[in-house]
Amino acid sequence: MSPTTGSAVVTLPSETEILITRRFDAPRAVVYQVFTDPELIKRWWAGRQGTVTSAEVDLRVGGMWRYVMTTNSGYEIAFHGEYHEVVPDERLVCTEIFEGMPDEDDTSPPTLNSYTFTESGGRTTLELLTTAPDRAVRDAIMESGMETGVHDGYDIAEQIAIELTDGS
């Protein structure tokens with residue numbers, strides 16, 4: 001298998017949506033595992049931007065997730081959410097809240113992330129549709145450096161999936 005480094009495509013289908021499409025050179029069940037197993041998430045989620053210090057996953061409808069990382073510059077960043085849909089190896093839908101946004105209160109609506117995993121010829125295409133509560137939030141996400149982090153993290157995630165597939 002050969003990795004598809006740096007191949008995530010980020011588009012803006014509407015004023016409130018971000019669509020990330022990325023092919024992984026690994027079977028769907030393995031890619032899904034990399035995106036849902038807390039020990040594997042710790043290896044890739046921060047990309048090259050820092051180190052994941054905690055990854056909690058209660059993978060069921062109504063279950064919560066929370067990831068915490070320390071950035072390379074020493075800041076702690078955390079996100080959490082709730083699963084709304086869990087279809088093993090196929091689909092995840094969950095909310096996402098960035099903890100610690102200045103000027104944000106606990107009543108701010110979260111983004112909604114819909115992950116769809118499809119397989120063709122042993123390769124998996126992930127489509128992640130993020131729906132923000134409004135254009136300002138979508139634009140803030142885009143301006144946060146998210147795209148660089150996605151490329152870094154997904155490249156590492158693919159390497160992990162290839163390792164798991166090859167049994168190395």
# chains A, B, ... in the order shown; residues from 1 in each chain; ligands from 1
call {"tool": "residues_around", "arguments": {"residues": "segment 55-62 of chain A", "least_positions_apart": "4", "cutoff": "9 Å", "atoms": "only C-alpha atoms", "output": "mmCIF file with C-alpha atoms, in the first residue's frame"}}
result
data_model
loop_
_atom_site.group_PDB
_atom_site.id
_atom_site.type_symbol
_atom_site.label_atom_id
_atom_site.label_comp_id
_atom_site.auth_asym_id
_atom_site.auth_seq_id
_atom_site.Cartn_x
_atom_site.Cartn_y
_atom_site.Cartn_z
ATOM 1 C CA THR A 36 -12.617 5.677 17.014
ATOM 2 C CA ASP A 37 -10.004 3.870 19.138
ATOM 3 C CA PRO A 38 -8.742 6.254 21.853
ATOM 4 C CA GLU A 39 -5.203 4.836 21.835
ATOM 5 C CA ILE A 41 -6.539 8.763 18.194
ATOM 6 C CA LYS A 42 -3.781 9.799 20.615
ATOM 7 C CA ARG A 66 -13.246 14.441 24.532
ATOM 8 C CA TYR A 67 -9.721 15.026 23.182
ATOM 9 C CA VAL A 68 -7.073 17.155 24.891
ATOM 10 C CA MET A 69 -3.726 18.147 23.405
ATOM 11 C CA GLU A 82 -21.770 13.859 21.862
ATOM 12 C CA TYR A 83 -22.426 11.057 19.385
ATOM 13 C CA HIS A 84 -25.779 11.306 17.587
ATOM 14 C CA GLU A 85 -25.284 8.452 15.118
ATOM 15 C CA VAL A 86 -22.901 5.489 15.206
ATOM 16 C CA CYS A 94 -21.351 13.980 16.561
#
call {"tool": "select_by_dssp", "arguments": {"residues": "chain A", "states": "strand (DSSP E or B)", "output": "ChimeraX atom specification"}}
result
/A:9-14,17-24,50-57,64-71,76-87,91-99,111-120,123-131
call {"tool": "residues_around", "arguments": {"residues": "Arg28 of chain A", "least_positions_apart": "6", "cutoff": "10 Å", "atoms": "only C-alpha atoms", "output": "PyMOL selection string"}}
result
chain A and resi 34+88-90+117-120+122-126+161
call {"tool": "closest_residue", "arguments": {"among": "A:Asp25, A:Met142, A:Tyr32, A:Thr111", "to": "Thr11 of chain A", "atoms": "only C-alpha atoms"}}
result
A:Met142
call {"tool": "select_by_dssp", "arguments": {"residues": "segment 37-83 of chain A", "states": "alpha helix (DSSP H)", "output": "ChimeraX atom specification"}}
result
/A:38-44
call {"tool": "residues_around", "arguments": {"residues": "Leu112 of chain A", "least_positions_apart": "2", "cutoff": "6 Å", "atoms": "only C-alpha atoms", "output": "ChimeraX atom specification"}}
result
/A:94-95,130-131
call {"tool": "write_last_selection", "arguments": {"atoms": "C-alpha atoms", "output": "mmCIF file, in the first residue's frame"}}
result
data_model
loop_
_atom_site.group_PDB
_atom_site.id
_atom_site.type_symbol
_atom_site.label_atom_id
_atom_site.label_comp_id
_atom_site.auth_asym_id
_atom_site.auth_seq_id
_atom_site.Cartn_x
_atom_site.Cartn_y
_atom_site.Cartn_z
ATOM 1 C CA CYS A 94 -21.351 13.980 16.561
ATOM 2 C CA THR A 95 -21.319 17.465 17.934
ATOM 3 C CA THR A 130 -18.819 20.043 9.443
ATOM 4 C CA THR A 131 -21.926 22.175 9.822
#
call {"tool": "closest_residue", "arguments": {"among": "A:Pro109, A:Gly149, A:Gly6, A:Gly50", "to": "Arg22 of chain A", "atoms": "only C-alpha atoms"}}
result
A:Gly6
call {"tool": "decode", "arguments": {"residues": "segment 48-81 of chain A", "atoms": "C-alpha atoms", "output": "PDB file, in the first residue's frame"}}
result
ATOM      1  CA  ARG A  48       2.482  17.686  14.101  1.00  0.00           C
ATOM      2  CA  GLN A  49       1.002  20.532  16.146  1.00  0.00           C
ATOM      3  CA  GLY A  50       1.476  18.937  19.583  1.00  0.00           C
ATOM      4  CA  THR A  51       0.775  15.859  21.694  1.00  0.00           C
ATOM      5  CA  VAL A  52      -2.575  14.354  22.614  1.00  0.00           C
ATOM      6  CA  THR A  53      -2.673  13.948  26.388  1.00  0.00           C
ATOM      7  CA  SER A  54      -6.173  12.487  26.618  1.00  0.00           C
ATOM      8  CA  ALA A  55      -8.637  10.821  24.251  1.00  0.00           C
ATOM      9  CA  GLU A  56     -11.904   9.625  25.745  1.00  0.00           C
ATOM     10  CA  VAL A  57     -14.455   7.874  23.534  1.00  0.00           C
ATOM     11  CA  ASP A  58     -17.839   6.454  24.587  1.00  0.00           C
ATOM     12  CA  LEU A  59     -18.791   5.214  21.117  1.00  0.00           C
ATOM     13  CA  ARG A  60     -22.567   4.948  21.304  1.00  0.00           C
ATOM     14  CA  VAL A  61     -25.527   7.195  20.555  1.00  0.00           C
ATOM     15  CA  GLY A  62     -25.636   9.621  23.472  1.00  0.00           C
ATOM     16  CA  GLY A  63     -22.039   8.798  24.376  1.00  0.00           C
ATOM     17  CA  MET A  64     -19.503  11.559  24.839  1.00  0.00           C
ATOM     18  CA  TRP A  65     -16.023  12.077  23.436  1.00  0.00           C
ATOM     19  CA  ARG A  66     -13.246  14.441  24.532  1.00  0.00           C
ATOM     20  CA  TYR A  67      -9.721  15.026  23.182  1.00  0.00           C
ATOM     21  CA  VAL A  68      -7.073  17.155  24.891  1.00  0.00           C
ATOM     22  CA  MET A  69      -3.726  18.147  23.405  1.00  0.00           C
ATOM     23  CA  THR A  70      -0.759  20.217  24.440  1.00  0.00           C
ATOM     24  CA  THR A  71       0.486  22.311  21.528  1.00  0.00           C
ATOM     25  CA  ASN A  72       4.148  22.532  20.622  1.00  0.00           C
ATOM     26  CA  SER A  73       4.103  26.034  22.149  1.00  0.00           C
ATOM     27  CA  GLY A  74       2.745  24.696  25.457  1.00  0.00           C
ATOM     28  CA  TYR A  75      -0.956  25.594  25.302  1.00  0.00           C
ATOM     29  CA  GLU A  76      -3.625  23.083  26.232  1.00  0.00           C
ATOM     30  CA  ILE A  77      -6.489  22.729  23.742  1.00  0.00           C
ATOM     31  CA  ALA A  78      -9.559  20.551  24.232  1.00  0.00           C
ATOM     32  CA  PHE A  79     -12.636  19.605  22.241  1.00  0.00           C
ATOM     33  CA  HIS A  80     -15.622  17.496  23.233  1.00  0.00           C
ATOM     34  CA  GLY A  81     -18.978  16.402  21.898  1.00  0.00           C
TER      35      GLY A  81
END
